[in-house]
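Enquirer: Just passing along the structure, written as structure tokens.
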Amino acid sequence: MTTETQTPIAIFAKVPRPGTVKTRLIPELGAEKATRLYERCTTHTVKTALDAKVGPVELWCTPTILHPFFDGIGRSLHPVLRTQGNGNLGGRMWRTLEALLTGHSRALLIGSDCPSLTAEDIRNATQALAAGNDAVFVPTEDGGYALI
């Protein structure tokens, strides 16, 4: 696969600290279990992106890559670890896509906690971009997006 035919994938993830991830589930699960769920979802997302085999997979972490969870994913699954940087979510997304599109004609950005997203979804999005579509979105039920 050449750089021109590859579609790099950025996965956005937060440091999994209890009380800061999957916060809507904390009343039901508690902060510790919600954090473990977030870690499982993030690991699943990295594996799904790798299984799609459309290009390099990068885990863009906030506020830092320096956390045992990210270190473990880096050692076991081998995505490139990057820091999202400062600013609001939209600004961080913009900078990430800008970085991925340097040297590539297309790129994908996905959230770390969308377990329904499949490798086939990722391949379909890549094919849609390769066919000339300017953008591809996979919406979520809560009004957000699993993939851009």
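Every chain in the structure tokens takes a letter, A first, then B, and so on in the order presented; its residues are numbered from 1, and the ligands are numbered from 1 following the presented order.
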I'd like the contact shell of Gly55 in chain A - 6 Å cut-off, only C-alpha atoms, skipping same-chain residues fewer than 3 positions apart - returned as a VMD selection string.
Expert: chain A and resid 6 to 8
Enquirer: Excluding range 90-99 of chain A and residues on its chain fewer than 4 positions from it, collect all residues at most 10 Å away from it, counting only C-alpha atoms, and give them as a PDB file with C-alpha atoms, in the first residue's frame.
Expert:
ATOM      1  CA  PRO A   8      -4.431   7.000   8.110  1.00  0.00           C
ATOM      2  CA  ILE A   9      -6.767   6.689  11.085  1.00  0.00           C
ATOM      3  CA  ALA A  10      -6.622   8.917  14.158  1.00  0.00           C
ATOM      4  CA  ILE A  11      -8.416   7.644  17.254  1.00  0.00           C
ATOM      5  CA  PHE A  12      -9.166  10.245  19.931  1.00  0.00           C
ATOM      6  CA  TRP A  60      -4.254  10.722  19.737  1.00  0.00           C
ATOM      7  CA  THR A  62      -5.320  13.935  25.823  1.00  0.00           C
ATOM      8  CA  ARG A  82       0.362  11.260  19.749  1.00  0.00           C
ATOM      9  CA  THR A  83      -0.842  14.095  21.966  1.00  0.00           C
ATOM     10  CA  GLN A  84      -3.935  16.042  20.893  1.00  0.00           C
ATOM     11  CA  GLY A  85      -2.624  19.331  22.266  1.00  0.00           C
ATOM     12  CA  ASN A  86      -4.569  22.204  23.755  1.00  0.00           C
ATOM     13  CA  GLY A 103       1.328  13.392   2.811  1.00  0.00           C
ATOM     14  CA  HIS A 104      -2.031  11.607   2.418  1.00  0.00           C
ATOM     15  CA  ARG A 106      -7.551  11.228   2.786  1.00  0.00           C
ATOM     16  CA  ALA A 107      -7.788  10.471   6.507  1.00  0.00           C
ATOM     17  CA  LEU A 108     -10.275   9.292   9.125  1.00  0.00           C
ATOM     18  CA  LEU A 109     -10.861  10.442  12.697  1.00  0.00           C
ATOM     19  CA  ILE A 110     -12.778   8.181  15.045  1.00  0.00           C
ATOM     20  CA  ILE A 148     -15.350  11.638  10.312  1.00  0.00           C
TER      21      ILE A 148
END
Enquirer: Enumerate the residues of chain A with a DSSP assignment of strand (DSSP E), computed from the backbone, and present them as a list in words.
Expert: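 Selection result, strand (DSSP E) within chain A: Ile9, Ala10, Ile11, Phe12, Ala13, Lys14, Val57, Glu58, Leu59, Trp60, Cys61, Thr62, Val80, Leu81, Arg82, Thr83, Leu108, Leu109, Ile110, Gly111, Val138, Pro139, Tyr145, Ala146 and Leu147 of chain A.
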Enquirer: Within 10 Å of range 123-131 of chain A, which residues of range 40-103 of chain A come that close, and what is the closest atom pair and distance in Å for each? Count only C-alpha atoms and give it as a tab-separated table.
Expert:
residue	atom	partner	partner_atom	distance
A:Ala49	CA	A:Arg123	CA	9.3
A:Asp51	CA	A:Arg123	CA	9.7
A:Ala52	CA	A:Arg123	CA	6.0
A:Lys53	CA	A:Arg123	CA	8.0
A:Val54	CA	A:Arg123	CA	6.7
A:Gly55	CA	A:Thr126	CA	9.7
Enquirer: Just write the chosen residues, C-alpha atoms, as an mmCIF file, in the first residue's frame.
Expert:
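Just written: selection11.cif:
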data_model
loop_
_atom_site.group_PDB
_atom_site.id
_atom_site.type_symbol
_atom_site.label_atom_id
_atom_site.label_comp_id
_atom_site.auth_asym_id
_atom_site.auth_seq_id
_atom_site.Cartn_x
_atom_site.Cartn_y
_atom_site.Cartn_z
ATOM 1 C CA ALA A 49 -8.992 0.184 13.158
ATOM 2 C CA ASP A 51 -8.316 -4.931 11.466
ATOM 3 C CA ALA A 52 -9.623 -2.578 8.746
ATOM 4 C CA LYS A 53 -6.127 -2.559 7.186
ATOM 5 C CA VAL A 54 -6.608 0.751 5.381
ATOM 6 C CA GLY A 55 -3.526 2.567 6.680
#
Enquirer: Rounded to one decimal in Å, what is the spacing between CA of Ser112 in chain A and CA of Gly87 in chain A?
Expert: 18.8 Å
